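The next block is query.tsv, given as TSV, C-alpha atoms.
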chain	number	residue	atom	x	y	z
M	267	MET	CA	0.00	0.00	0.00
M	268	ASN	CA	1.27	3.46	-0.83
M	269	GLN	CA	2.04	5.51	2.25
M	270	VAL	CA	1.66	9.29	2.22
M	271	VAL	CA	3.32	11.38	4.94
M	272	CYS	CA	2.25	14.97	5.57
M	273	ASN	CA	4.09	17.88	7.15
M	274	ALA	CA	2.36	20.69	9.08
M	275	GLY	CA	2.06	23.23	6.24
M	276	PRO	CA	-0.46	21.38	4.08
M	277	LEU	CA	-2.48	20.38	7.17
M	278	ILE	CA	-2.70	23.98	8.36
M	279	ALA	CA	-3.39	25.37	4.88
M	280	LEU	CA	-6.15	22.89	4.08
M	281	ALA	CA	-7.74	23.05	7.53
M	282	GLY	CA	-7.71	26.84	7.28
M	283	ILE	CA	-9.92	26.72	4.19
M	284	GLY	CA	-12.12	23.87	5.38
M	285	SER	CA	-10.72	21.40	2.86
M	286	LEU	CA	-8.78	18.93	4.99
M	287	GLU	CA	-10.93	16.11	3.61
M	288	LEU	CA	-9.14	16.48	0.25
M	289	LEU	CA	-6.27	14.54	1.82
M	290	ARG	CA	-8.60	11.66	2.66
M	291	ASP	CA	-10.31	11.81	-0.73
M	292	LEU	CA	-7.02	11.74	-2.63
M	293	PHE	CA	-4.99	9.36	-0.46
M	294	GLY	CA	-7.31	7.43	1.85
M	295	SER	CA	-5.14	7.77	4.92
M	296	VAL	CA	-2.22	10.05	5.70
M	297	LEU	CA	0.60	9.54	8.18
M	298	VAL	CA	1.75	12.39	10.40
M	299	ALA	CA	4.82	12.31	12.64
M	300	GLU	CA	4.19	13.00	16.35
M	301	GLU	CA	6.43	16.07	16.05
M	302	VAL	CA	4.19	17.47	13.31
M	303	LYS	CA	1.08	16.85	15.40
M	304	ALA	CA	2.67	18.82	18.25
M	305	GLU	CA	3.65	21.63	15.86
M	306	VAL	CA	0.13	21.88	14.43
M	307	GLU	CA	-1.47	21.83	17.86
M	308	ALA	CA	0.92	24.51	19.13
M	309	GLY	CA	0.60	26.99	16.31
M	310	GLY	CA	-1.89	25.95	13.69
M	311	GLY	CA	-4.72	28.23	14.77
M	312	ALA	CA	-8.29	27.29	15.59
M	313	ALA	CA	-8.97	25.52	12.28
M	314	ALA	CA	-5.96	23.27	12.75
M	315	GLY	CA	-6.11	22.72	16.49
M	316	ALA	CA	-6.01	19.64	18.65
M	317	ASP	CA	-9.40	18.39	17.48
M	318	MET	CA	-8.01	17.90	13.96
M	319	PHE	CA	-6.41	14.64	15.03
M	320	SER	CA	-9.27	13.38	17.19
M	321	THR	CA	-11.94	14.00	14.53
M	322	THR	CA	-10.09	12.64	11.51
M	323	PRO	CA	-9.23	8.95	11.99
M	324	TRP	CA	-7.64	8.81	8.54
M	325	LEU	CA	-4.89	11.14	9.86
M	326	GLN	CA	-2.68	8.59	11.55
M	327	VAL	CA	-0.11	9.93	14.00
M	328	LYS	CA	2.98	7.74	14.03
M	329	SER	CA	6.09	7.65	16.19
M	330	LEU	CA	9.53	7.39	14.69
M	331	SER	CA	11.22	4.06	15.33
M	332	HIS	CA	14.64	5.72	15.35
M	333	GLN	CA	16.19	9.07	16.11
M	334	VAL	CA	16.07	11.73	13.43
M	335	ASP	CA	19.35	12.09	11.57
M	336	PRO	CA	21.24	14.93	13.31
M	337	TRP	CA	22.15	16.36	9.91
M	338	LEU	CA	18.44	16.72	9.10
M	339	THR	CA	17.74	18.51	12.37
M	340	SER	CA	20.64	20.86	11.70
M	341	MET	CA	19.17	21.76	8.29
M	342	LEU	CA	15.41	21.80	8.95
M	343	ASP	CA	12.90	22.44	11.70
M	344	GLN	CA	11.83	19.53	13.88
M	345	GLY	CA	8.59	18.85	12.00
M	346	GLU	CA	10.19	18.76	8.55
M	347	ALA	CA	13.02	16.56	9.76
M	348	ALA	CA	10.55	14.17	11.42
M	349	THR	CA	8.37	14.10	8.29
M	350	ILE	CA	11.29	13.10	6.08
M	351	SER	CA	12.47	10.55	8.66
M	352	LEU	CA	9.00	9.01	8.91
M	353	ALA	CA	8.67	8.89	5.12
M	354	ASN	CA	12.03	7.13	4.94
M	355	GLN	CA	11.05	4.76	7.78
M	356	VAL	CA	7.81	3.61	6.12
M	357	SER	CA	9.11	3.81	2.53
M	358	ALA	CA	6.45	6.39	1.72
M	359	SER	CA	5.50	6.90	-1.89
M	360	LEU	CA	4.86	10.62	-1.32
M	361	VAL	CA	5.51	13.45	1.11
M	362	LEU	CA	3.30	16.51	1.34
M	363	MET	CA	5.41	19.52	2.29
M	364	ASP	CA	5.39	23.19	1.35
M	365	GLU	CA	8.79	24.39	2.61
M	366	ARG	CA	11.25	24.57	-0.27
M	367	LYS	CA	14.38	23.56	1.63
M	368	GLY	CA	12.68	20.49	3.12
M	369	ARG	CA	11.26	19.51	-0.27
M	370	ASN	CA	14.68	19.77	-1.88
M	371	ILE	CA	16.33	17.66	0.80
M	372	ALA	CA	13.59	15.01	0.64
M	373	ARG	CA	13.96	14.76	-3.14
M	374	LYS	CA	17.69	15.13	-3.64
M	375	VAL	CA	19.11	13.46	-0.55
M	376	TYR	CA	16.46	10.81	0.22
M	377	GLY	CA	14.90	10.27	-3.21
M	378	ILE	CA	11.38	10.84	-1.89
M	379	ALA	CA	8.63	12.21	-4.14
M	380	VAL	CA	7.25	15.47	-2.72
M	381	ILE	CA	4.36	17.76	-3.59
M	382	GLY	CA	3.04	20.87	-1.91
M	383	THR	CA	-0.44	22.10	-1.12
M	384	GLY	CA	-0.74	23.87	-4.47
M	385	ARG	CA	-0.03	20.71	-6.45
M	386	LEU	CA	-2.38	18.82	-4.16
M	387	LEU	CA	-5.14	21.26	-5.16
M	388	VAL	CA	-4.32	20.68	-8.84
M	389	GLU	CA	-4.62	16.93	-8.28
M	390	ALA	CA	-7.93	17.47	-6.47
M	391	LYS	CA	-9.22	19.37	-9.50
M	392	ARG	CA	-8.04	16.62	-11.86
M	393	ALA	CA	-9.87	14.09	-9.68
M	394	ALA	CA	-13.01	16.28	-9.85
M	395	LEU	CA	-12.96	16.84	-6.08
M	396	ILE	CA	-12.96	20.62	-6.59
M	397	ARG	CA	-14.07	22.69	-9.56
M	398	ASN	CA	-11.37	25.37	-9.45
M	399	VAL	CA	-8.04	25.88	-7.73
M	400	ARG	CA	-8.04	29.69	-7.74
M	401	PRO	CA	-10.70	30.16	-5.02
M	402	ALA	CA	-8.85	27.76	-2.71
M	403	LEU	CA	-5.56	29.61	-3.24
M	404	GLU	CA	-7.23	32.97	-2.65
M	405	GLN	CA	-8.85	31.65	0.51
M	406	MET	CA	-5.51	30.27	1.73
M	407	ARG	CA	-3.88	33.65	1.21
M	408	ALA	CA	-6.79	35.46	2.89
M	409	SER	CA	-6.44	33.18	5.92
M	410	GLY	CA	-2.77	34.16	6.24
M	411	TYR	CA	-1.06	31.27	4.46
M	412	TRP	CA	1.86	32.71	2.53
M	413	LEU	CA	2.18	31.86	-1.16
M	414	ALA	CA	4.54	33.68	-3.52
M	415	ASP	CA	2.99	35.19	-6.65
M	416	ASN	CA	5.15	33.08	-8.96
M	417	ILE	CA	4.07	29.89	-7.16
M	418	VAL	CA	0.41	30.86	-7.44
M	419	ALA	CA	0.87	31.59	-11.16
M	420	GLU	CA	2.51	28.18	-11.74
M	421	ILE	CA	-0.19	26.35	-9.79
M	422	LEU	CA	-2.90	28.08	-11.80
M	423	ARG	CA	-1.07	27.26	-15.04
M	424	GLN	CA	-0.93	23.58	-14.05
M	425	ALA	CA	-4.64	23.73	-13.20
M	426	GLY	CA	-5.47	25.30	-16.55
M	427	GLU	CA	-6.88	28.41	-14.93

I'd like the structure from this file rewritten - as structure tokens, please.
Amino acid sequence: MNQVVCNAGPLIALAGIGSLELLRDLFGSVLVAEEVKAEVEAGGGAAAGADMFSTTPWLQVKSLSHQVDPWLTSMLDQGEAATISLANQVSASLVLMDERKGRNIARKVYGIAVIGTGRLLVEAKRAALIRNVRPALEQMRASGYWLADNIVAEILRQAGE
């Protein structure tokens, strides 16, 4: 079975626009490292608070079976390092992460496929789970989720909007 591991960014972004269920609809279940759960609960805002994990059984919080590589923790924050470590531990087919540095390390150092929230929205449109990507991106920005203009333009190009 293909395992998908998610970092805090996509969880917070999708919860902030009321679209967390897109993860379930696209992937069935999603693994989250304990460190990411703690990060989301500490700073994710009301939409991404503690109840996120108790009300969504398809978000499966998982402990690492080994310590995070010290090199990873020197390069990334705790959540990103734990996400990559968990993905490596379970031989995940995909990691969901928005932070560029973490994405680059996951791809180039660990050979893990990575997509961000924007690409996830494009895939949701292709799967007919949403009609348009633009409103979701605008809502994410309005709720305080930072997205660079060039990233938004590329996401919209991929979505054909």

Each residue of range 344-394 of chain M lying at most 12 Å from range 328-331 of chain M should get a row with its shortest atom-to-atom pair and the distance in Å to one decimal, counting all atoms listed in the file; could you produce that, ordered by chain and increasing number, as JSON lines?
{"residue": "M:Gly345", "atom": "CA", "partner": "M:Leu330", "partner_atom": "CA", "distance": 11.8}
{"residue": "M:Ala347", "atom": "CA", "partner": "M:Leu330", "partner_atom": "CA", "distance": 11.0}
{"residue": "M:Ala348", "atom": "CA", "partner": "M:Leu330", "partner_atom": "CA", "distance": 7.6}
{"residue": "M:Thr349", "atom": "CA", "partner": "M:Leu330", "partner_atom": "CA", "distance": 9.3}
{"residue": "M:Ile350", "atom": "CA", "partner": "M:Leu330", "partner_atom": "CA", "distance": 10.5}
{"residue": "M:Ser351", "atom": "CA", "partner": "M:Leu330", "partner_atom": "CA", "distance": 7.4}
{"residue": "M:Leu352", "atom": "CA", "partner": "M:Leu330", "partner_atom": "CA", "distance": 6.0}
{"residue": "M:Ala353", "atom": "CA", "partner": "M:Leu330", "partner_atom": "CA", "distance": 9.7}
{"residue": "M:Asn354", "atom": "CA", "partner": "M:Leu330", "partner_atom": "CA", "distance": 10.1}
{"residue": "M:Gln355", "atom": "CA", "partner": "M:Leu330", "partner_atom": "CA", "distance": 7.5}
{"residue": "M:Val356", "atom": "CA", "partner": "M:Leu330", "partner_atom": "CA", "distance": 9.5}

| task | Return the single residue from M:Arg397, M:Thr383, M:Arg373, M:Phe293 that is closest to Ile421 in chain M, with distances computed using only C-alpha atoms. | result | M:Thr383

| query | Counting only C-alpha atoms, which of M:Leu395, M:Leu387, M:Leu338, M:Leu288 gets nearest to Ile371 in chain M? | reply |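 For Ile371 in chain M, the nearest of the candidates is M:Leu338.
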
| field | Best match for closeness to Ala304 in chain M among M:Val327, M:Met341, M:Leu289, M:Ala402, counting only C-alpha atoms | value |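 Of the candidates, the smallest distance to Ala304 in chain M is held by M:Val327.
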
| task | Would you mind listing what lies within 10 Å of Asp291 in chain M as a list of chain:residue names, with all atoms listed in the file counted and same-chain residues fewer than 5 positions away left out? | result |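 In the requested format, the answer is M:Leu286, M:Ala390, M:Ala393, M:Leu395.
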
| Which residues come within 7 Å of Ala379 in chain M, counting all atoms listed in the file, excluding same-chain residues fewer than 3 positions away, as a VMD selection string? | chain M and resid 359 to 361 373

| Nearby residues (all atoms listed in the file) at most 10 Å from Ala408 in chain M, same-chain spacing under 5 positions excluded, as a VMD selection string | chain M and resid 282 to 283 402 to 403
